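File shown here: entry.txt, holding compact mmCIF, C-alpha atoms and all ligand atoms.
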# COMPACT_ATOMS: atom_id res chain seq x y z
CA MET A 26 124.45 102.91 94.09
CA SER A 27 124.74 103.33 97.82
CA SER A 28 122.08 100.76 98.73
CA SER A 29 123.18 97.45 100.22
CA PRO A 30 123.65 94.45 97.93
CA ILE A 31 120.66 92.26 97.17
CA LYS A 32 120.76 88.84 98.82
CA VAL A 33 120.47 86.12 96.21
CA PHE A 34 120.12 82.37 96.74
CA ILE A 35 120.78 80.02 93.82
CA THR A 36 118.97 76.70 93.54
CA GLY A 37 118.62 73.99 90.91
CA ALA A 38 120.89 73.26 87.97
CA ALA A 39 121.25 74.49 84.40
CA ASN A 40 123.93 74.66 81.75
CA GLY A 41 125.90 77.80 82.46
CA LEU A 42 124.57 78.28 85.98
CA ALA A 43 128.09 77.88 87.41
CA GLU A 44 129.26 80.83 85.29
CA VAL A 45 126.31 82.88 86.50
CA ARG A 46 127.29 82.09 90.07
CA GLU A 47 130.89 83.14 89.45
CA GLY A 48 129.80 86.38 87.82
CA LEU A 49 127.43 87.22 90.66
CA ALA A 50 130.01 86.36 93.32
CA ASP A 51 132.14 89.27 92.15
CA HIS A 52 129.31 91.69 91.61
CA PRO A 53 129.06 94.61 94.07
CA GLU A 54 125.27 94.86 93.88
CA VAL A 55 124.63 91.24 94.75
CA GLU A 56 125.45 89.11 97.79
CA LEU A 57 125.28 85.35 97.28
CA VAL A 58 123.78 83.94 100.46
CA GLY A 59 123.68 80.26 99.49
CA THR A 60 123.28 77.59 96.86
CA ALA A 61 121.45 74.27 96.78
CA ALA A 62 121.13 71.94 93.81
CA ASP A 63 117.98 70.37 95.23
CA PRO A 64 115.61 72.96 96.67
CA ALA A 65 113.67 70.26 98.51
CA LYS A 66 116.75 69.73 100.65
CA ALA A 67 117.56 73.41 101.06
CA GLY A 68 114.82 73.87 103.69
CA THR A 69 116.02 75.84 106.69
CA LYS A 70 119.21 76.92 104.96
CA LEU A 71 117.15 78.76 102.39
CA ALA A 72 114.59 80.00 104.89
CA GLU A 73 117.24 81.47 107.16
CA SER A 74 119.41 82.92 104.40
CA GLY A 75 117.40 86.13 104.23
CA ALA A 76 117.39 85.75 100.45
CA GLN A 77 115.59 88.57 98.64
CA VAL A 78 115.62 86.92 95.23
CA ILE A 79 115.89 83.23 94.26
CA LEU A 80 117.56 82.18 91.03
CA HIS A 81 116.40 78.70 90.14
CA GLY A 82 118.14 76.77 87.37
CA THR A 83 116.18 74.23 85.37
CA THR A 84 117.00 71.87 82.51
CA SER A 85 113.36 71.39 81.65
CA THR A 86 112.59 72.78 78.20
CA ASP A 87 108.84 72.92 78.19
CA HIS A 88 107.48 72.70 81.72
CA VAL A 89 107.89 74.66 84.87
CA PRO A 90 109.48 72.40 87.52
CA THR A 91 106.45 72.66 89.75
CA ALA A 92 107.63 70.46 92.62
CA GLU A 93 110.89 72.37 92.91
CA ILE A 94 109.14 75.72 92.80
CA GLU A 95 106.73 74.58 95.50
CA ALA A 96 109.66 73.47 97.65
CA ILE A 97 111.12 76.97 97.38
CA ARG A 98 107.75 78.64 97.95
CA SER A 99 107.18 76.62 101.11
CA VAL A 100 110.08 78.35 102.83
CA THR A 101 110.31 81.79 101.27
CA ALA A 102 108.11 84.39 99.61
CA ALA A 103 111.05 85.95 97.77
CA PRO A 104 110.54 86.37 94.01
CA ILE A 105 111.81 83.46 91.91
CA VAL A 106 113.66 83.94 88.64
CA LEU A 107 113.90 80.83 86.51
CA VAL A 108 117.21 80.31 84.68
CA THR A 109 117.51 77.97 81.71
CA SER A 110 119.78 77.34 78.78
CA ALA A 111 117.02 75.76 76.73
CA SER A 112 114.73 77.87 74.61
CA ALA A 113 112.48 79.61 77.09
CA ASN A 114 109.62 80.32 74.71
CA ALA A 115 107.44 77.41 75.73
CA LEU A 116 108.31 77.97 79.34
CA LEU A 117 107.62 81.66 79.57
CA SER A 118 103.87 81.97 79.72
CA GLU A 119 103.53 78.90 81.91
CA ALA A 120 106.18 80.29 84.24
CA LEU A 121 104.45 83.65 84.50
CA SER A 122 101.13 82.10 85.33
CA ALA A 123 102.85 79.89 87.91
CA GLY A 124 103.95 83.01 89.76
CA ILE A 125 107.56 82.96 88.57
CA PHE A 126 108.82 86.51 88.34
CA ASP A 127 110.83 86.12 85.15
CA VAL A 128 112.65 83.63 82.95
CA VAL A 129 116.27 84.26 81.99
CA LEU A 130 117.75 82.50 78.98
CA LEU A 131 121.46 81.62 79.29
CA PRO A 132 124.08 82.56 78.31
CA GLN A 133 123.54 86.04 79.60
CA LEU A 134 125.88 88.81 80.67
CA THR A 135 126.13 89.17 84.43
CA ASP A 136 124.85 92.74 84.18
CA GLY A 137 121.70 91.52 82.48
CA ILE A 138 121.07 89.03 85.24
CA VAL A 139 121.75 91.63 87.90
CA PHE A 140 119.22 93.90 86.22
CA THR A 141 116.55 91.19 86.44
CA ILE A 142 117.47 90.55 90.08
CA LYS A 143 117.15 94.23 90.90
CA LYS A 144 113.82 94.44 89.14
CA ALA A 145 112.47 91.43 91.04
CA ASN A 146 113.70 92.82 94.32
CA SER A 147 112.34 96.30 93.86
CA LEU A 148 108.92 94.93 92.94
CA ALA A 149 108.81 92.64 95.94
CA ALA A 150 109.83 95.57 98.15
CA GLY A 151 107.06 97.71 96.66
CA ARG A 152 104.52 95.03 97.46
CA ALA A 153 105.75 94.70 101.05
CA THR A 154 105.27 98.41 101.71
CA GLY A 155 101.72 98.20 100.42
CA GLY A 156 102.37 99.98 97.15
CA GLY A 157 99.05 98.68 95.89
CA SER A 158 95.87 98.61 97.88
CA GLY A 159 96.88 100.26 101.12
CA LYS A 160 97.41 103.54 99.39
CA SER A 161 95.95 106.87 100.34
CA THR A 162 93.07 108.05 98.25
CA ALA A 163 93.09 111.54 99.66
CA ALA A 164 90.94 113.85 97.60
CA LEU A 165 93.62 116.49 97.49
CA GLU A 166 96.26 114.26 95.96
CA GLY A 167 96.91 114.57 92.26
CA ARG A 168 95.57 111.66 90.26
CA VAL A 169 98.01 109.68 88.15
CA VAL A 170 96.84 108.26 84.82
CA THR A 171 99.41 106.10 83.04
CA PHE A 172 99.25 104.92 79.44
CA PHE A 173 100.97 101.63 78.75
CA SER A 174 101.18 99.15 75.91
CA PRO A 175 103.64 96.33 75.36
CA LYS A 176 103.57 97.17 71.67
CA GLY A 177 105.35 100.11 70.06
CA GLY A 178 103.22 102.43 67.98
CA ALA A 179 99.97 101.49 69.71
CA GLY A 180 99.19 105.14 70.33
CA LYS A 181 100.32 105.76 73.92
CA THR A 182 101.95 109.10 73.23
CA VAL A 183 99.13 110.46 71.05
CA LEU A 184 96.58 109.47 73.68
CA ALA A 185 98.59 110.74 76.66
CA CYS A 186 99.15 114.13 75.01
CA ASN A 187 95.51 114.46 74.07
CA LEU A 188 94.17 113.39 77.44
CA ALA A 189 96.44 115.90 79.16
CA ALA A 190 95.30 118.64 76.78
CA THR A 191 91.64 117.72 77.32
CA VAL A 192 91.92 117.81 81.09
CA ALA A 193 93.83 121.09 81.11
CA ARG A 194 91.82 122.89 78.47
CA GLN A 195 88.27 121.66 78.92
CA GLN A 196 88.34 121.07 82.61
CA GLN A 197 90.74 123.84 83.56
CA ARG A 198 92.68 121.60 85.83
CA LYS A 199 96.34 121.81 86.66
CA THR A 200 97.84 119.03 84.58
CA LEU A 201 101.31 117.58 84.21
CA LEU A 202 102.32 115.49 81.22
CA LEU A 203 105.24 113.32 82.32
CA ASP A 204 107.22 111.62 79.56
CA LEU A 205 108.73 108.46 81.00
CA ASP A 206 109.58 106.98 77.63
CA LEU A 207 113.02 107.97 78.85
CA GLN A 208 115.05 106.87 75.84
CA PHE A 209 112.87 107.85 72.92
CA GLY A 210 110.24 110.11 74.37
CA ASP A 211 108.46 112.30 71.87
CA ALA A 212 105.68 113.90 73.91
CA ALA A 213 107.29 117.34 73.64
CA ILE A 214 107.44 117.07 69.85
CA MET A 215 103.81 115.98 69.64
CA MET A 216 102.84 118.94 71.80
CA GLY A 217 104.85 121.18 69.50
CA ILE A 218 107.02 122.64 72.23
CA GLU A 219 110.75 123.17 72.45
CA PRO A 220 111.59 122.62 76.08
CA GLU A 221 114.61 124.19 77.67
CA LYS A 222 114.71 121.62 80.42
CA THR A 223 113.92 117.94 80.73
CA ILE A 224 113.63 115.35 83.47
CA TYR A 225 117.38 114.89 83.02
CA ASP A 226 118.05 118.39 84.38
CA LEU A 227 115.65 117.71 87.21
CA VAL A 228 117.37 114.53 88.37
CA MET A 229 120.85 116.04 87.97
CA ALA A 230 120.05 119.11 90.07
CA ARG A 231 121.71 119.47 93.43
CA ARG A 232 118.82 121.38 94.91
CA GLU A 233 116.21 119.38 96.80
CA LEU A 234 113.09 118.98 94.69
CA ASP A 235 110.02 120.76 95.96
CA THR A 236 106.96 122.23 94.26
CA ASP A 237 108.75 125.51 93.44
CA ALA A 238 111.76 123.73 92.02
CA LEU A 239 109.53 121.44 89.93
CA ALA A 240 107.85 124.47 88.36
CA GLY A 241 111.27 125.50 87.05
CA TYR A 242 111.67 122.31 85.01
CA VAL A 243 108.34 122.08 83.25
CA THR A 244 107.39 123.78 79.99
CA ALA A 245 103.91 125.26 79.69
CA HIS A 246 101.91 124.37 76.59
CA SER A 247 99.27 126.74 75.24
CA SER A 248 96.53 124.33 76.37
CA GLY A 249 97.67 124.85 79.95
CA VAL A 250 99.41 121.46 80.21
CA HIS A 251 102.79 121.50 81.87
CA VAL A 252 105.17 119.12 80.16
CA LEU A 253 108.15 117.43 81.75
CA PRO A 254 109.92 115.91 78.73
CA ALA A 255 112.16 112.87 78.47
CA PRO A 256 115.94 113.40 78.36
CA LEU A 257 117.20 114.65 75.00
CA ARG A 258 119.84 111.94 74.76
CA PRO A 259 118.87 108.26 75.08
CA GLU A 260 121.98 107.48 77.15
CA ASP A 261 120.80 109.84 79.88
CA ALA A 262 117.72 107.72 80.53
CA GLU A 263 119.43 105.54 83.11
CA LEU A 264 120.15 108.54 85.32
CA VAL A 265 116.45 108.72 86.10
CA THR A 266 116.52 106.26 88.99
CA GLU A 267 113.49 104.81 90.72
CA GLU A 268 114.33 106.70 93.87
CA ARG A 269 114.37 110.07 92.08
CA LEU A 270 111.20 109.17 90.32
CA GLY A 271 109.46 108.34 93.58
CA HIS A 272 110.36 111.74 94.91
CA LEU A 273 109.23 113.43 91.71
CA PHE A 274 105.81 111.77 91.96
CA ALA A 275 105.41 112.83 95.56
CA VAL A 276 106.12 116.46 94.71
CA ALA A 277 104.11 116.43 91.48
CA LYS A 278 101.05 115.09 93.30
CA GLU A 279 101.19 118.14 95.53
CA SER A 280 101.39 120.55 92.61
CA TYR A 281 99.01 119.03 90.10
CA ASP A 282 95.42 117.84 89.99
CA VAL A 283 96.14 115.31 87.27
CA ILE A 284 99.40 113.71 86.15
CA VAL A 285 99.35 111.93 82.80
CA VAL A 286 102.27 109.56 82.19
CA ASP A 287 103.57 108.29 78.86
CA THR A 288 105.74 105.16 78.90
CA PRO A 289 107.97 103.02 76.67
CA PRO A 290 106.61 99.73 75.31
CA PHE A 291 108.27 97.55 77.97
CA PHE A 292 108.38 97.11 81.70
CA HIS A 293 111.54 98.38 83.31
CA GLY A 294 112.38 99.91 86.68
CA PRO A 295 110.87 103.36 86.11
CA VAL A 296 107.67 101.91 84.64
CA LEU A 297 107.32 99.51 87.54
CA SER A 298 107.75 102.23 90.11
CA THR A 299 105.28 104.37 88.16
CA LEU A 300 102.73 101.55 88.35
CA ASP A 301 102.96 101.66 92.11
CA ARG A 302 101.88 105.29 91.99
CA THR A 303 99.31 104.97 89.23
CA ASP A 304 95.63 105.42 90.06
CA GLN A 305 94.35 104.57 86.60
CA LEU A 306 96.28 102.43 84.15
CA VAL A 307 95.16 102.66 80.55
CA LEU A 308 96.29 99.64 78.54
CA VAL A 309 96.40 100.62 74.91
CA ALA A 310 95.58 97.84 72.48
CA SER A 311 95.45 98.00 68.74
CA PRO A 312 93.13 95.57 66.97
CA ASP A 313 95.70 93.01 65.86
CA VAL A 314 96.58 89.56 67.14
CA PRO A 315 100.23 90.16 68.20
CA THR A 316 99.25 93.16 70.29
CA VAL A 317 96.41 91.31 71.97
CA LYS A 318 98.78 88.45 72.77
CA ASN A 319 101.23 90.84 74.35
CA ILE A 320 98.50 92.59 76.32
CA LYS A 321 97.57 89.20 77.68
CA LEU A 322 101.14 88.70 78.90
CA THR A 323 101.03 92.18 80.39
CA MET A 324 97.90 91.25 82.32
CA GLN A 325 99.69 88.23 83.72
CA THR A 326 102.57 90.41 84.84
CA LEU A 327 100.11 92.83 86.45
CA ASP A 328 98.49 89.89 88.24
CA LEU A 329 101.89 88.86 89.54
CA LEU A 330 102.43 92.35 90.82
CA HIS A 331 98.99 92.25 92.44
CA TYR A 332 98.11 95.37 90.51
CA PRO A 333 94.40 95.91 91.30
CA LYS A 334 92.04 94.91 88.49
CA GLU A 335 89.75 97.87 89.08
CA ARG A 336 92.53 100.24 88.12
CA ARG A 337 93.14 98.62 84.74
CA HIS A 338 91.28 99.97 81.75
CA LEU A 339 91.51 98.53 78.30
CA LEU A 340 91.51 101.10 75.52
CA LEU A 341 91.11 99.92 71.96
CA ASN A 342 92.85 102.36 69.66
CA ARG A 343 92.17 102.42 65.93
CA ALA A 344 88.85 100.77 66.69
CA GLY A 345 86.43 99.98 63.92
CA SER A 346 89.02 99.46 61.21
CA LYS A 347 87.73 97.06 58.59
CA VAL A 348 90.60 94.61 58.78
CA GLY A 349 91.21 94.66 62.53
CA LEU A 350 89.80 92.57 65.36
CA LYS A 351 86.44 93.58 66.78
CA ALA A 352 86.07 94.77 70.35
CA GLN A 353 84.12 91.62 71.27
CA GLU A 354 86.88 89.38 69.93
CA ILE A 355 89.43 91.23 72.01
CA GLU A 356 87.24 91.10 75.10
CA ARG A 357 86.88 87.38 74.67
CA ALA A 358 90.62 86.84 74.20
CA LEU A 359 91.53 88.93 77.21
CA ASP A 360 88.54 88.18 79.38
CA MET A 361 88.24 91.87 80.05
CA LYS A 362 85.89 94.62 78.93
CA VAL A 363 87.03 97.22 76.44
CA ALA A 364 86.47 100.36 78.47
CA PHE A 365 87.22 102.86 75.71
CA GLU A 366 87.32 102.82 71.95
CA VAL A 367 89.20 105.42 69.95
CA PRO A 368 88.61 105.35 66.21
CA VAL A 369 91.15 105.80 63.46
CA GLU A 370 91.17 109.36 62.27
CA ARG A 371 93.25 110.70 59.43
CA GLU A 372 93.62 114.02 61.15
CA VAL A 373 95.62 112.41 63.96
CA ALA A 374 98.67 112.01 61.74
CA VAL A 375 98.35 115.62 60.64
CA SER A 376 98.09 116.81 64.24
CA VAL A 377 101.13 114.76 65.23
CA ASN A 378 103.22 116.27 62.48
CA ARG A 379 102.01 119.80 63.15
CA GLY A 380 102.62 119.43 66.88
CA VAL A 381 99.06 120.40 67.82
CA PRO A 382 97.04 117.82 69.76
CA ILE A 383 93.81 117.01 67.95
CA ALA A 384 91.92 117.54 71.22
CA ILE A 385 92.92 121.19 70.86
CA SER A 386 92.59 121.69 67.10
CA SER A 387 89.31 119.76 66.85
CA PRO A 388 87.82 118.88 70.22
CA ARG A 389 84.61 117.76 68.47
CA SER A 390 86.43 115.19 66.35
CA ALA A 391 85.82 111.53 67.12
CA VAL A 392 89.21 111.21 68.80
CA GLY A 393 88.63 114.44 70.73
CA LYS A 394 85.30 113.13 72.02
CA SER A 395 86.77 109.77 72.96
CA LEU A 396 89.37 111.46 75.12
CA GLN A 397 86.70 113.59 76.73
CA ASP A 398 85.04 110.31 77.68
CA VAL A 399 88.32 108.96 79.11
CA ALA A 400 88.73 112.16 81.14
CA ASP A 401 85.15 112.06 82.43
CA LYS A 402 85.44 108.47 83.57
CA LEU A 403 89.02 108.26 84.83
CA VAL A 404 89.55 111.68 86.32
CA PRO A 405 86.03 112.91 87.08
CA LEU A 406 86.00 116.44 88.39
CA ARG A 407 84.47 115.72 91.75
CA THR A 408 87.26 113.42 92.92
CA THR A 409 89.97 116.01 92.73
CA GLY A 410 91.10 118.91 94.83
CA ALA A 411 90.08 121.30 92.08
CA VAL A 412 86.53 121.25 93.33
CA GLU A 413 86.68 120.19 96.93
CA GLY A 414 89.84 121.90 97.93
CA GLY A 415 89.87 124.93 95.70
CA GLY A 416 92.51 123.57 93.34
CA LYS A 417 96.26 123.31 93.59
CA LYS A 418 98.61 125.93 94.86
CA PHE A 419 99.58 127.16 91.43
CA ARG A 420 97.10 128.52 88.97
CA ARG A 421 97.45 127.98 85.28
CA LYS A 422 99.36 130.71 83.59
CA GLY A 423 96.87 130.69 80.71
N1 LIG A 501 93.45 106.83 66.56
C1 LIG A 501 94.39 107.05 65.65
N2 LIG A 501 94.06 107.39 64.39
C2 LIG A 501 95.00 107.61 63.46
N3 LIG A 501 96.33 107.51 63.70
C3 LIG A 501 96.73 107.18 64.92
C4 LIG A 501 95.79 106.93 65.98
N4 LIG A 501 96.50 106.62 67.09
C5 LIG A 501 97.80 106.68 66.76
N5 LIG A 501 97.95 107.02 65.46
C6 LIG A 501 99.21 107.16 64.70
O1 LIG A 501 100.12 106.18 65.15
C7 LIG A 501 101.39 106.75 65.35
C8 LIG A 501 102.02 106.10 66.56
O2 LIG A 501 101.38 106.54 67.72
P1 LIG A 501 102.18 106.85 69.05
O3 LIG A 501 103.50 107.50 68.74
O4 LIG A 501 101.28 107.53 69.97
O5 LIG A 501 102.45 105.36 69.55
P2 LIG A 501 103.25 104.92 70.83
O6 LIG A 501 102.47 103.81 71.44
O7 LIG A 501 103.57 106.09 71.69
O8 LIG A 501 104.57 104.35 70.17
P3 LIG A 501 106.02 104.14 70.83
O9 LIG A 501 105.90 102.88 71.63
O10 LIG A 501 106.92 104.00 69.65
O11 LIG A 501 106.31 105.33 71.68
C9 LIG A 501 101.18 108.25 65.52
O12 LIG A 501 102.18 108.97 64.89
C10 LIG A 501 99.84 108.52 64.91
O13 LIG A 501 99.99 109.13 63.67
MG MG A 502 105.36 106.84 72.40

Spell out the structure here as structure tokens.
Amino acid sequence: MSSSPIKVFITGAANGLAEVREGLADHPEVELVGTAADPAKAGTKLAESGAQVILHGTTSTDHVPTAEIEAIRSVTAAPIVLVTSASANALLSEALSAGIFDVVLLPQLTDGIVFTIKKANSLAAGRATGGGSGKSTAALEGRVVTFFSPKGGAGKTVLACNLAATVARQQQRKTLLLDLDLQFGDAAIMMGIEPEKTIYDLVMARRELDTDALAGYVTAHSSGVHVLPAPLRPEDAELVTEERLGHLFAVAKESYDVIVVDTPPFFHGPVLSTLDRTDQLVLVASPDVPTVKNIKLTMQTLDLLHYPKERRHLLLNRAGSKVGLKAQEIERALDMKVAFEVPVEREVAVSVNRGVPIAISSPRSAVGKSLQDVADKLVPLRTTGAVEGGGKKFRRKG
């Protein structure tokens, strides 16, 4: 926690906003740089405050206070977090589409608010440094494929493990499976390995991380995939900071042709910083209405983050089930093509419990073939160093 406090400006009014202000005033990670009940009158004060995040209180229960938000927007590009004591449900989706970073429902512990402030700030900082489009597409850099879904149980971990196994086994490429479901990661279990080390050991190490050091923390799977598992204890998750993660990605991209990332079913700091480094984002949907609704919200968040549309790929898992939504219905609801469909297969459950990815035990199964398709389209051989540059420094151990 050595970084300087985040400059926060508070505008507007809401029940409980005074308590929020008091809590933040004493908080070491935040510096209050000003307040103004009426943002339209805050003008130069707000512009010159150097605020990195704006907290705007509102008493409106169902509509985003558009005029006030515009007044703020006219003088600063800092992310805006809306604060309200009224039920935020009606407000939330409208707020997100209006470019509000987040909505916080009061009362709320100061730490919770500080977390949201930090998240808003780190995202805005990522955008300013060109985390998105201005990125290098050097052929020799490892490609990062991230699986995400806002819904638990959608199939992220199964798909991530099987894609990694497909790329390593079929395509003989140096592949890292990175488990960033930091609290409840189960990629190692699904791969049937018992790792000696996890990402926790990596972030706690004193030694500077380089490609040699990284090799000491991964566990090799028989398919050739190297696995860097999540911490064994949920409480260790928070030790994996965004800074450490950034460094890990930089080193891993040097060592590996392909990096497959598994995530938890929510956006938090590590997921957001992973997005910045993700070349291909696979959004995993299951064919049910709640999941589709949540994917829609995810898309809005991605829009806010200016995450490029061409890097988003919708994958429909458990496709073709009799009771579920059809691909066309989902495409219509999300206004986005379903790029991949993975059918339900009984054998998946067996493979999960045996700890052998189905892409290894039955590569010709429907799920195995689907993942081959994902690999061919998202990490085609010719775009990696494996072909053009003779592969990565380390060879697979077999
Ligand atoms: N295509 C499929 N066919 C049959 N079963 C599947 C399929 N995809 C996933 N499953 C089953 O769903 C279960 C949940 O999948 P998985 O653990 O990959 O979800 P997840 O998105 O990682 O969940 P969490 O958010 O809890 O980490 C698996 O144990 C597996 O048995
Ligand atoms: Mg999972």

One decimal place gives the atom CA of A:Ala240-atom CA of A:Asp282 separation as 14.2 Å

What is the distance between atom CA of A:Arg269 and atom CA of A:Ala179, in Å to one decimal?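 About the pair atom CA of A:Arg269 and atom CA of A:Ala179: they are 28.0 Å apart.
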
Using all atoms listed in the file, find each residue in chain A having at least one atom no more than 8 Å away from ligand LIG 501 (chain A); report its shortest atom-to-atom pair and that distance in Å (one decimal), rows by chain then rising number, as JSON lines.
{"residue": "A:Phe173", "atom": "CA", "partner": "A:LIG501", "partner_atom": "O6", "distance": 7.8}
{"residue": "A:Ser174", "atom": "CA", "partner": "A:LIG501", "partner_atom": "O6", "distance": 6.6}
{"residue": "A:Pro175", "atom": "CA", "partner": "A:LIG501", "partner_atom": "O9", "distance": 7.9}
{"residue": "A:Lys176", "atom": "CA", "partner": "A:LIG501", "partner_atom": "O9", "distance": 6.2}
{"residue": "A:Gly177", "atom": "CA", "partner": "A:LIG501", "partner_atom": "O9", "distance": 3.2}
{"residue": "A:Gly178", "atom": "CA", "partner": "A:LIG501", "partner_atom": "O8", "distance": 3.2}
{"residue": "A:Ala179", "atom": "CA", "partner": "A:LIG501", "partner_atom": "O6", "distance": 3.8}
{"residue": "A:Gly180", "atom": "CA", "partner": "A:LIG501", "partner_atom": "O4", "distance": 3.2}
{"residue": "A:Lys181", "atom": "CA", "partner": "A:LIG501", "partner_atom": "O6", "distance": 3.8}
{"residue": "A:Thr182", "atom": "CA", "partner": "A:LIG501", "partner_atom": "O4", "distance": 3.7}
{"residue": "A:Val183", "atom": "CA", "partner": "A:LIG501", "partner_atom": "O4", "distance": 3.8}
{"residue": "A:Leu184", "atom": "CA", "partner": "A:LIG501", "partner_atom": "O4", "distance": 6.3}
{"residue": "A:Ala185", "atom": "CA", "partner": "A:LIG501", "partner_atom": "O4", "distance": 7.9}
{"residue": "A:Asp206", "atom": "CA", "partner": "A:LIG501", "partner_atom": "O11", "distance": 7.0}
{"residue": "A:Phe209", "atom": "CA", "partner": "A:LIG501", "partner_atom": "O11", "distance": 7.1}
{"residue": "A:Gly210", "atom": "CA", "partner": "A:LIG501", "partner_atom": "O11", "distance": 6.7}
{"residue": "A:Asp211", "atom": "CA", "partner": "A:LIG501", "partner_atom": "O11", "distance": 7.3}
{"residue": "A:Asp287", "atom": "CA", "partner": "A:LIG501", "partner_atom": "O7", "distance": 7.5}
{"residue": "A:Thr288", "atom": "CA", "partner": "A:LIG501", "partner_atom": "O11", "distance": 7.2}
{"residue": "A:Pro289", "atom": "CA", "partner": "A:LIG501", "partner_atom": "O9", "distance": 5.5}
{"residue": "A:Pro290", "atom": "CA", "partner": "A:LIG501", "partner_atom": "O9", "distance": 4.9}
{"residue": "A:Val309", "atom": "CA", "partner": "A:LIG501", "partner_atom": "O6", "distance": 7.7}
{"residue": "A:Asn342", "atom": "CA", "partner": "A:LIG501", "partner_atom": "N1", "distance": 5.5}
{"residue": "A:Arg343", "atom": "CA", "partner": "A:LIG501", "partner_atom": "N1", "distance": 4.6}
{"residue": "A:Ala344", "atom": "CA", "partner": "A:LIG501", "partner_atom": "N1", "distance": 7.6}
{"residue": "A:Val367", "atom": "CA", "partner": "A:LIG501", "partner_atom": "N1", "distance": 5.6}
{"residue": "A:Pro368", "atom": "CA", "partner": "A:LIG501", "partner_atom": "N1", "distance": 5.1}
{"residue": "A:Val369", "atom": "CA", "partner": "A:LIG501", "partner_atom": "N2", "distance": 3.4}
{"residue": "A:Glu370", "atom": "CA", "partner": "A:LIG501", "partner_atom": "N2", "distance": 4.1}
{"residue": "A:Arg371", "atom": "CA", "partner": "A:LIG501", "partner_atom": "C2", "distance": 5.4}
{"residue": "A:Glu372", "atom": "CA", "partner": "A:LIG501", "partner_atom": "C2", "distance": 7.0}
{"residue": "A:Val373", "atom": "CA", "partner": "A:LIG501", "partner_atom": "C2", "distance": 4.9}
{"residue": "A:Ala374", "atom": "CA", "partner": "A:LIG501", "partner_atom": "O13", "distance": 3.7}
{"residue": "A:Val375", "atom": "CA", "partner": "A:LIG501", "partner_atom": "O13", "distance": 7.3}
{"residue": "A:Ser376", "atom": "CA", "partner": "A:LIG501", "partner_atom": "O13", "distance": 7.9}
{"residue": "A:Val377", "atom": "CA", "partner": "A:LIG501", "partner_atom": "O12", "distance": 5.9}
{"residue": "A:Asn378", "atom": "CA", "partner": "A:LIG501", "partner_atom": "O12", "distance": 7.8}
{"residue": "A:Val392", "atom": "CA", "partner": "A:LIG501", "partner_atom": "N1", "distance": 6.5}

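Of the listed residues (A:Leu359, A:Ala245, A:Leu57, A:Ile214), A:Ile214 comes nearest to ligand MG 502 (chain A); the distances count all atoms listed in the file.
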
Pick from A:Leu327, A:Leu270, A:Leu188, A:Phe365: nearest to A:Ile383, with all atoms listed in the file counted? A:Leu188

Which value, in Å to one decimal, gives the distance between atom CA of A:Leu130 and atom CA of A:Leu107?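 These atoms are spaced 8.6 Å apart.
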
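Each of A:Ala352, A:Arg302, A:Gln208, A:Gly249 was compared to ligand MG 502 (chain A) using only C-alpha atoms and all ligand atoms, and A:Gln208 turns out to be the nearest.
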
Using only C-alpha atoms and all ligand atoms, find the one residue out of A:Ala358, A:Ala43, A:Cys186, A:Ala76 that sits nearest to ligand MG 502 (chain A). A:Cys186

Please check which residues have atoms at most 12 Å from (108.9, 123.6, 73.3) in the file's coordinates, counting only C-alpha atoms, and write them as an mmCIF file with C-alpha atoms, in the coordinates of the input.
data_model
loop_
_atom_site.group_PDB
_atom_site.id
_atom_site.type_symbol
_atom_site.label_atom_id
_atom_site.label_comp_id
_atom_site.auth_asym_id
_atom_site.auth_seq_id
_atom_site.Cartn_x
_atom_site.Cartn_y
_atom_site.Cartn_z
ATOM 1 C CA ASP A 211 108.460 112.300 71.870
ATOM 2 C CA ALA A 212 105.680 113.900 73.910
ATOM 3 C CA ALA A 213 107.290 117.340 73.640
ATOM 4 C CA ILE A 214 107.440 117.070 69.850
ATOM 5 C CA MET A 215 103.810 115.980 69.640
ATOM 6 C CA MET A 216 102.840 118.940 71.800
ATOM 7 C CA GLY A 217 104.850 121.180 69.500
ATOM 8 C CA ILE A 218 107.020 122.640 72.230
ATOM 9 C CA GLU A 219 110.750 123.170 72.450
ATOM 10 C CA PRO A 220 111.590 122.620 76.080
ATOM 11 C CA GLU A 221 114.610 124.190 77.670
ATOM 12 C CA LYS A 222 114.710 121.620 80.420
ATOM 13 C CA THR A 223 113.920 117.940 80.730
ATOM 14 C CA VAL A 243 108.340 122.080 83.250
ATOM 15 C CA THR A 244 107.390 123.780 79.990
ATOM 16 C CA ALA A 245 103.910 125.260 79.690
ATOM 17 C CA HIS A 246 101.910 124.370 76.590
ATOM 18 C CA SER A 247 99.270 126.740 75.240
ATOM 19 C CA VAL A 250 99.410 121.460 80.210
ATOM 20 C CA HIS A 251 102.790 121.500 81.870
ATOM 21 C CA VAL A 252 105.170 119.120 80.160
ATOM 22 C CA LEU A 253 108.150 117.430 81.750
ATOM 23 C CA PRO A 254 109.920 115.910 78.730
ATOM 24 C CA GLY A 380 102.620 119.430 66.880
ATOM 25 C CA VAL A 381 99.060 120.400 67.820
#

Can you pull out every residue within 7 Å of stretch 36-40 of chain A, counting all atoms listed in the file, but drop anything in the same chain fewer than 6 positions away, and send it as a tab-separated table (two decimals) with C-alpha atoms, in the coordinates of the input?
chain	number	residue	atom	x	y	z
A	60	THR	CA	123.28	77.59	96.86
A	61	ALA	CA	121.45	74.27	96.78
A	62	ALA	CA	121.13	71.94	93.81
A	63	ASP	CA	117.98	70.37	95.23
A	64	PRO	CA	115.61	72.96	96.67
A	80	LEU	CA	117.56	82.18	91.03
A	81	HIS	CA	116.40	78.70	90.14
A	82	GLY	CA	118.14	76.77	87.37
A	83	THR	CA	116.18	74.23	85.37
A	84	THR	CA	117.00	71.87	82.51
A	109	THR	CA	117.51	77.97	81.71
A	110	SER	CA	119.78	77.34	78.78
